[in-house]
Amino acid sequence: MKPAPFEYRRAESIEHACAVLADAGDDARVLAGGQSLIPMMNLRLARPSMLVDIGRLALGSVSVSGQEIRVGALVRHRQLLEDVALRNVAPVFAEAARFIAHPTIRNFGTAGGSVAHADPTAEIPSLLMLFDGKVEAASNKGTRTISANALFKGAFSTSLAPTEMIVALRFRLPAAAWGGCFLELAERDGDFAIASVCAVVERKGETITGARVVLGGADSVPVRPEIGAALNGRVMTEAAARDVSRAVAEAQKSYDDIRASAAYRRHLLAELVQRALLTAYARAEKR
Amino acid sequence: MIEITLTVNGITKRLKVEPRRLLADVLRHEFGCYGVHFGCSHGACGCCTVHVAGEARLSCLAFACQCDGMEIVTIEGVSKSGGLHPLQQAFIDEHGLQCGYCTPGFIMALTRFVDRSEAPTDAEIREAMSGNICRCTGYHSIVAAVRRAIAARQER
C-alpha cells in the first residue's frame with residue numbers, strides 16, 4: 001500500500017506552519033505524529049494534497065499550574081502515562097492513555113493529533129469534554145480558543161478551519177476534593193473502543209458535591225449528559241450509581257456498527273457509568 | 001522529490017525520495033533491510049517496527065522524509081556485539097517463532113521493555129507486546145522469551 005502523491009513541507013515555526021497552511025488550500029493537512037493520518041492515507045481514505053509536518057516544533061510539554069493543565073499539541077501518549085507532575089494531580093490521564101492503541105503507537109501519537117482527528121470513541125477528546133477543556137488554535141490570523149463543546153462536530157469532524165492548527169489543549173481540574181476514573185471496552189487490548197466512559201466525582205466528606213461523566217460510543221461525538229442534579233448532596237451508593245447510569249444510558253440513541261449494536265452499547269454504557277462513578281467517588285476520598 | 005539524509009544501522013546515505021514513500025519501503029529498497037516486514041501497512045500488526053531516534057516506531061506509519069537526519073536501527077543492526085541480541089537468543093531458546101515473519105517486529109518493539117523491566121507480570125509482558133500480531137499464534141513462547149531475556153540481562 002502506498003499513499004497518493006502529496007507535497008511535503010516541514011514547518012520551522014508555528015508562524016511558518018500557519019503561513020504554509022494559509023497558502024495551501026483546503027486539501028492540506030497538518031502532520032503531527034501521523035499515527036491516525038498515515039494509516040488513512042495508506043488506505044487512501046485520506047488524500048491530502050499537502051502535508052505540513054509540525055513534528056519538530058517545540059510543542060511537546062505538559063505543564064500544571066493550579067487547577068489548569070496545559071498539554072502541548074505534540075505531547076505523545078506515552079508522556080501522559082509517564083509524566084510525574086500530571087500523575088500527581090490527575091492520574092486519570094494515565095488511566096486513559098493506557099487504553100490508547102499499543103505502546104509503539106503511543107510513542108508517536110500526539111494529544112493534539114487525537115483531538116484534531118476526532119474519533120468518536122477516542123480517549124483524549126473525552127477527557128477534554130470531562131475537564132471543561134479548550135484548544136488553542138493558531139492560524140495566520142492569530143490564535144483563538146475553542147471550547148471542547150464547540151469543537152467536536154461529528155465523527156472525524158471539528159470546527160477547526162483547514163488553515164488552523166492546534167497548539168495546545170487546556171484542561172480545568174475541579175477545585176474541591178475529587179476522584180476520576182476512565183473505563184473502556186474494546187474487542188482486544190488497544191483496539192478502538194466499543195464504548196468508553198470517564199467520570200469525575202467531587203465530594204465533601206461522604207457527600208457528593210459534583211459529578212460528571214462523558215460517554216464515548218453514545219453518539220458521533222463524546223457526550224456529557226447532566227448528572228449532577230441526581231447526585232449532588234447525596235452519599236454515593238451502588239443503588240444511586242446504578243439509577244443514574246441506567247437513566248443516562250437509556251437516554252442515548254447510540255449506533256450500530258461492525259463492532260456492536262446500539263442496544264449493546266447502551267448496556268455497556270450503563271455498566272461502565274456505574275463502575276466509573278463508584279470508583280471516582282472512592283478515589284475522591286483519598287485526596 | 002526531496003533530498004534527505006538517513007543513518008541506518010550506522011550507515012549514512014543521502015537520498016532523493018518522493019514524500020509519499022514510507023520509511024519501511026525506503027529501509028527495504030534503499031538500505032536492503034529486508035528484515036523490515038510489511039504486514040498490514042496501517043499500524044495493526046507491528047511487523048515493521050524499527051527504532052527511530054532510539055524509540056520503537058512503526059515504519060509503515062512514518063514517511064522517510066519525516067525522519068530526515070535521524071538515526072534508525074532495524075533488526076539487522078539491533079545487536080551491538082555482532083552476534084545475536086539477548087532477546088533474539090531468548091526467542092531461539094524458547095521457540096518464540098514459527099514462520100518468523102512477525103519476529104523482527106516483536107524484537108524491535110520489546111527491547112526497551114526488556115531493558116527496563118525487573119519482574120514483570122505476564123499481563124505486563126502481554127501489554128508490552130499487544131501491538132504485535134503473530135499469525136502462527138505462538139504468543140506463550142514469546143512471553144517466555146521476554147521473561148528469559150530479562151533474566152539473562154539481570155545475570156549479566
# chains A, B, ... in the order shown; residues from 1 in each chain; ligands from 1
$ closest_atom_pairs --of "chain A" --to "chain B" --cutoff "10 Å" --atoms "only C-alpha atoms" --output "CSV"
residue,atom,partner,partner_atom,distance
A:Met1,CA,B:Ser41,CA,6.4
A:Lys2,CA,B:Arg20,CA,7.2
A:Pro3,CA,B:Arg20,CA,6.0
A:Ala4,CA,B:Arg20,CA,7.0
A:Pro5,CA,B:Arg20,CA,5.7
A:Phe6,CA,B:Arg20,CA,6.6
A:Glu7,CA,B:Pro19,CA,6.8
A:Tyr8,CA,B:Pro19,CA,6.0
A:Arg9,CA,B:Pro19,CA,9.4
A:Arg10,CA,B:Gln66,CA,8.1
A:Leu31,CA,B:Gln66,CA,9.5
A:Ala32,CA,B:Gln66,CA,10.0
A:Gly33,CA,B:Ala62,CA,8.4
A:Gly34,CA,B:Leu61,CA,6.6
A:Gln35,CA,B:Leu61,CA,6.1
A:Ser36,CA,B:Leu61,CA,8.5
A:Leu37,CA,B:Leu61,CA,8.7
A:Ile38,CA,B:Leu61,CA,5.6
A:Pro39,CA,B:His42,CA,4.4
A:Met40,CA,B:His42,CA,7.7
A:Met41,CA,B:His42,CA,8.9
A:Asn42,CA,B:His42,CA,6.6
A:Leu43,CA,B:His42,CA,7.4
A:Met50,CA,B:Pro19,CA,9.8
A:Leu51,CA,B:Pro19,CA,9.2
A:Asp53,CA,B:Gln66,CA,7.5
A:Ile54,CA,B:Gln66,CA,9.8
A:Gly55,CA,B:Gln66,CA,8.0
A:Arg56,CA,B:Gln66,CA,9.2
A:Arg98,CA,B:Glu127,CA,9.6
A:Ala101,CA,B:Gly131,CA,7.6
A:His102,CA,B:Gly131,CA,4.9
A:Pro103,CA,B:Ala128,CA,6.3
A:Thr104,CA,B:Arg57,CA,5.7
A:Ile105,CA,B:Arg57,CA,7.0
A:Arg106,CA,B:Arg57,CA,9.3
A:Asn107,CA,B:Arg57,CA,7.1
A:Phe108,CA,B:Arg57,CA,7.3
A:Arg188,CA,B:Ser130,CA,9.0
A:Asp189,CA,B:Ser130,CA,6.8
A:Gly190,CA,B:Ser130,CA,7.3
A:Asp191,CA,B:Ala44,CA,9.0
$ write_last_selection --atoms "C-alpha atoms" --output "PDB file, in the first residue's frame"
ATOM      1  CA  MET A   1       0.000   0.000   0.000  1.00  0.00           C
ATOM      2  CA  LYS A   2       1.201   3.473  -0.835  1.00  0.00           C
ATOM      3  CA  PRO A   3      -0.434   6.820  -0.218  1.00  0.00           C
ATOM      4  CA  ALA A   4      -1.410   9.017  -3.149  1.00  0.00           C
ATOM      5  CA  PRO A   5       1.262  11.621  -4.013  1.00  0.00           C
ATOM      6  CA  PHE A   6       1.368  14.817  -1.964  1.00  0.00           C
ATOM      7  CA  GLU A   7       3.608  17.808  -1.368  1.00  0.00           C
ATOM      8  CA  TYR A   8       5.578  17.886   1.869  1.00  0.00           C
ATOM      9  CA  ARG A   9       6.547  20.956   3.905  1.00  0.00           C
ATOM     10  CA  ARG A  10       8.403  20.813   7.170  1.00  0.00           C
ATOM     11  CA  LEU A  31       1.020  16.079  10.147  1.00  0.00           C
ATOM     12  CA  ALA A  32       1.941  15.592  13.799  1.00  0.00           C
ATOM     13  CA  GLY A  33       2.664  12.006  14.927  1.00  0.00           C
ATOM     14  CA  GLY A  34       0.855  10.569  11.916  1.00  0.00           C
ATOM     15  CA  GLN A  35      -0.498   7.572  13.800  1.00  0.00           C
ATOM     16  CA  SER A  36      -4.064   8.154  12.551  1.00  0.00           C
ATOM     17  CA  LEU A  37      -3.474  10.221   9.412  1.00  0.00           C
ATOM     18  CA  ILE A  38      -0.858   7.954   7.801  1.00  0.00           C
ATOM     19  CA  PRO A  39      -2.946   4.757   8.059  1.00  0.00           C
ATOM     20  CA  MET A  40      -5.836   6.669   6.487  1.00  0.00           C
ATOM     21  CA  MET A  41      -3.506   7.793   3.696  1.00  0.00           C
ATOM     22  CA  ASN A  42      -2.111   4.275   3.232  1.00  0.00           C
ATOM     23  CA  LEU A  43      -5.678   3.023   2.819  1.00  0.00           C
ATOM     24  CA  MET A  50      -0.045  18.650   1.039  1.00  0.00           C
ATOM     25  CA  LEU A  51       1.244  17.666   4.461  1.00  0.00           C
ATOM     26  CA  ASP A  53       4.830  18.470   9.177  1.00  0.00           C
ATOM     27  CA  ILE A  54       4.792  20.173  12.580  1.00  0.00           C
ATOM     28  CA  GLY A  55       6.577  17.227  14.219  1.00  0.00           C
ATOM     29  CA  ARG A  56       9.745  19.154  15.085  1.00  0.00           C
ATOM     30  CA  ARG A  98      -3.310   3.170  28.827  1.00  0.00           C
ATOM     31  CA  ALA A 101      -3.688   1.859  20.960  1.00  0.00           C
ATOM     32  CA  HIS A 102      -0.448  -0.005  21.745  1.00  0.00           C
ATOM     33  CA  PRO A 103       2.924   1.007  23.229  1.00  0.00           C
ATOM     34  CA  THR A 104       4.637   1.587  19.867  1.00  0.00           C
ATOM     35  CA  ILE A 105       1.836   3.840  18.628  1.00  0.00           C
ATOM     36  CA  ARG A 106       1.807   5.665  21.981  1.00  0.00           C
ATOM     37  CA  ASN A 107       5.471   6.580  21.362  1.00  0.00           C
ATOM     38  CA  PHE A 108       4.494   8.853  18.457  1.00  0.00           C
ATOM     39  CA  ARG A 188      -8.975  -6.634  22.081  1.00  0.00           C
ATOM     40  CA  ASP A 189      -6.461  -4.713  24.167  1.00  0.00           C
ATOM     41  CA  GLY A 190      -5.696  -1.463  22.372  1.00  0.00           C
ATOM     42  CA  ASP A 191      -8.410  -1.707  19.724  1.00  0.00           C
TER      43      ASP A 191
END
$ select_by_dssp --residues "segment 53-123 of chain B" --states "helix (DSSP H, G or I)" --output "ChimeraX atom specification"
/B:64-67,75-77,86-93,103-116,122-123
$ write_last_selection --atoms "N, CA, C and O atoms" --output "CSV table (one decimal), in the first residue's frame"
chain,number,residue,atom,x,y,z
B,64,ALA,N,9.5,8.5,5.1
B,64,ALA,CA,11.0,8.6,5.2
B,64,ALA,C,11.4,10.1,5.4
B,64,ALA,O,12.3,10.4,6.1
B,65,CYS,N,10.7,11.0,4.7
B,65,CYS,CA,11.1,12.4,4.8
B,65,CYS,C,10.9,13.0,6.2
B,65,CYS,O,11.6,14.0,6.5
B,66,GLN,N,10.0,12.4,6.9
B,66,GLN,CA,9.8,12.9,8.3
B,66,GLN,C,11.1,12.6,9.2
B,66,GLN,O,11.3,13.2,10.2
B,67,CYS,N,11.8,11.6,8.7
B,67,CYS,CA,12.9,11.1,9.5
B,67,CYS,C,14.3,11.6,9.1
B,67,CYS,O,15.3,11.1,9.5
B,75,ILE,N,16.2,-4.5,12.6
B,75,ILE,CA,16.6,-5.8,13.2
B,75,ILE,C,18.0,-6.2,12.8
B,75,ILE,O,18.8,-6.8,13.6
B,76,GLU,N,18.5,-5.8,11.6
B,76,GLU,CA,19.8,-6.1,11.1
B,76,GLU,C,20.9,-5.5,12.0
B,76,GLU,O,22.0,-6.0,12.1
B,77,GLY,N,20.5,-4.4,12.7
B,77,GLY,CA,21.5,-3.7,13.5
B,77,GLY,C,21.3,-3.7,15.0
B,77,GLY,O,21.9,-2.9,15.7
B,86,PRO,N,20.5,-10.3,23.0
B,86,PRO,CA,20.0,-11.3,24.0
B,86,PRO,C,18.5,-11.7,23.8
B,86,PRO,O,18.1,-12.8,24.1
B,87,LEU,N,17.7,-10.7,23.3
B,87,LEU,CA,16.3,-11.1,23.1
B,87,LEU,C,16.1,-12.0,21.9
B,87,LEU,O,15.3,-12.9,21.9
B,88,GLN,N,17.0,-11.8,20.9
B,88,GLN,CA,17.0,-12.8,19.7
B,88,GLN,C,17.3,-14.2,20.2
B,88,GLN,O,16.7,-15.2,19.9
B,89,GLN,N,18.4,-14.3,21.1
B,89,GLN,CA,18.8,-15.6,21.6
B,89,GLN,C,17.7,-16.2,22.4
B,89,GLN,O,17.4,-17.4,22.3
B,90,ALA,N,17.0,-15.4,23.2
B,90,ALA,CA,15.9,-15.9,24.0
B,90,ALA,C,14.7,-16.4,23.2
B,90,ALA,O,14.1,-17.4,23.5
B,91,PHE,N,14.5,-15.7,22.0
B,91,PHE,CA,13.4,-16.2,21.1
B,91,PHE,C,13.8,-17.6,20.6
B,91,PHE,O,13.0,-18.5,20.5
B,92,ILE,N,15.1,-17.8,20.3
B,92,ILE,CA,15.5,-19.2,19.8
B,92,ILE,C,15.4,-20.2,21.0
B,92,ILE,O,14.8,-21.2,20.8
B,93,ASP,N,15.9,-19.8,22.2
B,93,ASP,CA,15.9,-20.8,23.3
B,93,ASP,C,14.4,-21.2,23.7
B,93,ASP,O,14.2,-22.3,24.1
B,103,THR,N,8.7,-11.8,13.7
B,103,THR,CA,9.7,-11.8,14.8
B,103,THR,C,10.5,-10.5,14.8
B,103,THR,O,10.7,-9.9,15.9
B,104,PRO,N,11.0,-9.9,13.7
B,104,PRO,CA,11.7,-8.7,13.8
B,104,PRO,C,10.9,-7.6,14.5
B,104,PRO,O,11.5,-6.8,15.3
B,105,GLY,N,9.7,-7.5,14.2
B,105,GLY,CA,8.8,-6.5,14.8
B,105,GLY,C,8.7,-6.7,16.3
B,105,GLY,O,8.8,-5.7,17.1
B,106,PHE,N,8.5,-7.9,16.7
B,106,PHE,CA,8.4,-8.2,18.1
B,106,PHE,C,9.7,-7.8,18.8
B,106,PHE,O,9.7,-7.2,19.9
B,107,ILE,N,10.8,-8.2,18.2
B,107,ILE,CA,12.1,-7.9,18.9
B,107,ILE,C,12.3,-6.4,19.0
B,107,ILE,O,12.6,-5.9,20.1
B,108,MET,N,12.0,-5.7,17.9
B,108,MET,CA,12.3,-4.2,18.0
B,108,MET,C,11.3,-3.5,18.9
B,108,MET,O,11.6,-2.5,19.5
B,109,ALA,N,10.1,-4.0,19.0
B,109,ALA,CA,9.1,-3.4,19.9
B,109,ALA,C,9.4,-3.7,21.4
B,109,ALA,O,9.0,-2.9,22.2
B,110,LEU,N,10.1,-4.8,21.6
B,110,LEU,CA,10.2,-5.2,23.0
B,110,LEU,C,11.6,-4.9,23.7
B,110,LEU,O,11.8,-5.1,24.9
B,111,THR,N,12.6,-4.4,22.9
B,111,THR,CA,13.9,-4.2,23.5
B,111,THR,C,13.9,-3.2,24.7
B,111,THR,O,14.5,-3.5,25.7
B,112,ARG,N,13.1,-2.2,24.5
B,112,ARG,CA,13.1,-1.2,25.6
B,112,ARG,C,12.4,-1.8,26.9
B,112,ARG,O,12.9,-1.6,28.0
B,113,PHE,N,11.4,-2.6,26.7
B,113,PHE,CA,10.7,-3.2,27.8
B,113,PHE,C,11.7,-4.2,28.5
B,113,PHE,O,11.8,-4.2,29.7
B,114,VAL,N,12.4,-4.9,27.7
B,114,VAL,CA,13.4,-5.9,28.3
B,114,VAL,C,14.5,-5.2,29.0
B,114,VAL,O,14.9,-5.6,30.1
B,115,ASP,N,14.9,-4.0,28.5
B,115,ASP,CA,16.0,-3.3,29.1
B,115,ASP,C,15.6,-2.7,30.5
B,115,ASP,O,16.4,-2.4,31.3
B,116,ARG,N,14.2,-2.4,30.6
B,116,ARG,CA,13.8,-1.6,31.8
B,116,ARG,C,13.0,-2.3,32.8
B,116,ARG,O,12.7,-1.8,33.9
B,122,ASP,N,2.9,-11.5,33.7
B,122,ASP,CA,2.5,-11.9,32.3
B,122,ASP,C,1.7,-10.9,31.7
B,122,ASP,O,1.8,-10.6,30.5
B,123,ALA,N,0.8,-10.3,32.5
B,123,ALA,CA,-0.1,-9.3,31.9
B,123,ALA,C,0.7,-8.1,31.4
B,123,ALA,O,0.3,-7.5,30.4
$ residues_around --residues "segment 129-134 of chain A" --least-positions-apart "5" --cutoff "7 Å" --atoms "only C-alpha atoms" --output "list in words"
Thr145, Ile146, Ser147, Ala148, Asn149, Leu169, Arg170, Phe171, Arg172, Leu173, Val213 and Val214 of chain A
$ write_last_selection --atoms "N, CA, C and O atoms" --output "PDB file, in the first residue's frame"
ATOM      1  N   THR A 145      -9.249  30.525  20.978  1.00  0.00           N
ATOM      2  CA  THR A 145      -9.516  29.440  21.907  1.00  0.00           C
ATOM      3  C   THR A 145     -10.901  28.883  21.610  1.00  0.00           C
ATOM      4  O   THR A 145     -11.864  29.642  21.470  1.00  0.00           O
ATOM      5  N   ILE A 146     -10.972  27.563  21.468  1.00  0.00           N
ATOM      6  CA  ILE A 146     -12.256  26.918  21.163  1.00  0.00           C
ATOM      7  C   ILE A 146     -12.576  25.963  22.307  1.00  0.00           C
ATOM      8  O   ILE A 146     -11.739  25.139  22.686  1.00  0.00           O
ATOM      9  N   SER A 147     -13.776  26.060  22.876  1.00  0.00           N
ATOM     10  CA  SER A 147     -14.130  25.130  23.949  1.00  0.00           C
ATOM     11  C   SER A 147     -14.456  23.776  23.345  1.00  0.00           C
ATOM     12  O   SER A 147     -14.896  23.664  22.196  1.00  0.00           O
ATOM     13  N   ALA A 148     -14.237  22.737  24.143  1.00  0.00           N
ATOM     14  CA  ALA A 148     -14.457  21.374  23.654  1.00  0.00           C
ATOM     15  C   ALA A 148     -15.878  21.201  23.132  1.00  0.00           C
ATOM     16  O   ALA A 148     -16.116  20.552  22.112  1.00  0.00           O
ATOM     17  N   ASN A 149     -16.834  21.826  23.843  1.00  0.00           N
ATOM     18  CA  ASN A 149     -18.241  21.789  23.421  1.00  0.00           C
ATOM     19  C   ASN A 149     -18.459  22.233  21.986  1.00  0.00           C
ATOM     20  O   ASN A 149     -19.290  21.690  21.268  1.00  0.00           O
ATOM     21  N   LEU A 169      -3.721  21.983  24.323  1.00  0.00           N
ATOM     22  CA  LEU A 169      -5.004  21.634  24.935  1.00  0.00           C
ATOM     23  C   LEU A 169      -4.954  22.139  26.373  1.00  0.00           C
ATOM     24  O   LEU A 169      -3.914  22.042  27.030  1.00  0.00           O
ATOM     25  N   ARG A 170      -6.084  22.660  26.846  1.00  0.00           N
ATOM     26  CA  ARG A 170      -6.132  23.114  28.248  1.00  0.00           C
ATOM     27  C   ARG A 170      -7.270  22.401  28.970  1.00  0.00           C
ATOM     28  O   ARG A 170      -8.386  22.323  28.454  1.00  0.00           O
ATOM     29  N   PHE A 171      -6.963  21.884  30.143  1.00  0.00           N
ATOM     30  CA  PHE A 171      -7.930  21.146  30.945  1.00  0.00           C
ATOM     31  C   PHE A 171      -8.071  21.854  32.289  1.00  0.00           C
ATOM     32  O   PHE A 171      -7.071  22.294  32.864  1.00  0.00           O
ATOM     33  N   ARG A 172      -9.301  21.923  32.809  1.00  0.00           N
ATOM     34  CA  ARG A 172      -9.557  22.619  34.078  1.00  0.00           C
ATOM     35  C   ARG A 172      -9.943  21.583  35.133  1.00  0.00           C
ATOM     36  O   ARG A 172     -10.972  20.922  34.998  1.00  0.00           O
ATOM     37  N   LEU A 173      -9.123  21.443  36.158  1.00  0.00           N
ATOM     38  CA  LEU A 173      -9.418  20.463  37.208  1.00  0.00           C
ATOM     39  C   LEU A 173     -10.374  21.066  38.233  1.00  0.00           C
ATOM     40  O   LEU A 173     -10.351  22.269  38.463  1.00  0.00           O
ATOM     41  N   VAL A 213     -19.995  12.840  33.858  1.00  0.00           N
ATOM     42  CA  VAL A 213     -19.498  11.722  33.055  1.00  0.00           C
ATOM     43  C   VAL A 213     -19.439  12.153  31.603  1.00  0.00           C
ATOM     44  O   VAL A 213     -20.186  13.034  31.172  1.00  0.00           O
ATOM     45  N   VAL A 214     -18.533  11.531  30.860  1.00  0.00           N
ATOM     46  CA  VAL A 214     -18.504  11.699  29.405  1.00  0.00           C
ATOM     47  C   VAL A 214     -18.557  10.306  28.788  1.00  0.00           C
ATOM     48  O   VAL A 214     -17.857   9.387  29.235  1.00  0.00           O
TER      49      VAL A 214
END
$ residues_around --residues "segment 253-259 of chain A" --least-positions-apart "2" --cutoff "9 Å" --atoms "only C-alpha atoms" --output "JSON, numbers by chain"
{"A": [186, 187, 194, 217, 218, 219, 220, 249, 250, 251, 261, 262, 263, 264, 265, 266]}
$ atom_distance --atom1 "atom CA of Lys16 of chain B" --atom2 "atom CA of Met70 of chain B"
15.4 Å
$ residues_around --residues "segment 174-179 of chain A" --least-positions-apart "2" --cutoff "10 Å" --atoms "only C-alpha atoms" --output "PyMOL selection string"
chain A and resi 66-68+90-92+131-132+171-172+181+199-205+208-211+276-287
$ write_last_selection --atoms "C-alpha atoms" --output "PDB file, in the first residue's frame"
ATOM      1  CA  GLY A  66      -3.004  25.495  39.887  1.00  0.00           C
ATOM      2  CA  GLN A  67      -6.192  23.913  38.519  1.00  0.00           C
ATOM      3  CA  GLU A  68      -5.076  24.135  34.907  1.00  0.00           C
ATOM      4  CA  ALA A  90      -4.771  13.894  37.695  1.00  0.00           C
ATOM      5  CA  PRO A  91      -3.922  10.185  37.470  1.00  0.00           C
ATOM      6  CA  VAL A  92      -6.978   9.709  35.260  1.00  0.00           C
ATOM      7  CA  PHE A 131     -12.433  18.725  32.240  1.00  0.00           C
ATOM      8  CA  ASP A 132     -14.188  21.695  30.568  1.00  0.00           C
ATOM      9  CA  PHE A 171      -7.930  21.146  30.945  1.00  0.00           C
ATOM     10  CA  ARG A 172      -9.557  22.619  34.078  1.00  0.00           C
ATOM     11  CA  CYS A 181     -11.985   7.192  36.511  1.00  0.00           C
ATOM     12  CA  ALA A 199     -16.151  10.287  35.292  1.00  0.00           C
ATOM     13  CA  VAL A 200     -15.269  12.856  37.911  1.00  0.00           C
ATOM     14  CA  VAL A 201     -16.882  12.900  41.354  1.00  0.00           C
ATOM     15  CA  GLU A 202     -16.276  15.733  43.820  1.00  0.00           C
ATOM     16  CA  ARG A 203     -17.091  15.219  47.461  1.00  0.00           C
ATOM     17  CA  LYS A 204     -17.016  16.824  50.890  1.00  0.00           C
ATOM     18  CA  GLY A 205     -16.769  14.084  53.474  1.00  0.00           C
ATOM     19  CA  ILE A 208     -21.236  14.325  46.677  1.00  0.00           C
ATOM     20  CA  THR A 209     -20.761  17.957  45.688  1.00  0.00           C
ATOM     21  CA  GLY A 210     -20.358  17.457  41.955  1.00  0.00           C
ATOM     22  CA  ALA A 211     -20.467  14.653  39.404  1.00  0.00           C
ATOM     23  CA  ALA A 276     -16.793   4.718  36.897  1.00  0.00           C
ATOM     24  CA  LEU A 277     -18.951   6.731  39.315  1.00  0.00           C
ATOM     25  CA  LEU A 278     -18.339   4.319  42.184  1.00  0.00           C
ATOM     26  CA  THR A 279     -14.602   4.227  41.516  1.00  0.00           C
ATOM     27  CA  ALA A 280     -14.278   8.005  41.108  1.00  0.00           C
ATOM     28  CA  TYR A 281     -16.206   8.525  44.363  1.00  0.00           C
ATOM     29  CA  ALA A 282     -13.953   6.089  46.240  1.00  0.00           C
ATOM     30  CA  ARG A 283     -10.831   7.739  44.815  1.00  0.00           C
ATOM     31  CA  ALA A 284     -12.029  11.203  45.851  1.00  0.00           C
ATOM     32  CA  GLU A 285     -11.854  10.162  49.489  1.00  0.00           C
ATOM     33  CA  LYS A 286      -8.121   9.573  49.315  1.00  0.00           C
ATOM     34  CA  ARG A 287      -7.287  13.043  48.066  1.00  0.00           C
TER      35      ARG A 287
END
$ residues_around --residues "Gln98 of chain B" --least-positions-apart "5" --cutoff "9 Å" --atoms "only C-alpha atoms" --output "tab-separated table (two decimals) with C-alpha atoms, in the first residue's frame"
chain	number	residue	atom	x	y	z
B	103	THR	CA	9.71	-11.79	14.77
B	136	CYS	CA	1.18	-18.55	13.93
B	137	THR	CA	-0.27	-17.62	17.35
B	138	GLY	CA	2.89	-18.51	19.25
$ select_by_dssp --residues "segment 25-239 of chain A" --states "strand (DSSP E)" --output "count of residues only"
73
$ residues_around --residues "Asp68 of chain B" --least-positions-apart "6" --cutoff "8 Å" --atoms "only C-alpha atoms" --output "PyMOL selection string"
chain B and resi 4-6
$ write_last_selection --atoms "C-alpha atoms" --output "PDB file, in the first residue's frame"
ATOM      1  CA  ILE B   4      17.012  13.593   2.867  1.00  0.00           C
ATOM      2  CA  THR B   5      19.775  12.021   4.931  1.00  0.00           C
ATOM      3  CA  LEU B   6      19.180   8.830   6.880  1.00  0.00           C
TER       4      LEU B   6
END
$ atom_distance --atom1 "atom CA of Ala260 of chain A" --atom2 "atom CA of Ala96 of chain A"
21.5 Å
$ atom_distance --atom1 "atom CA of Ile227 of chain A" --atom2 "atom CA of Lys153 of chain A"
22.5 Å
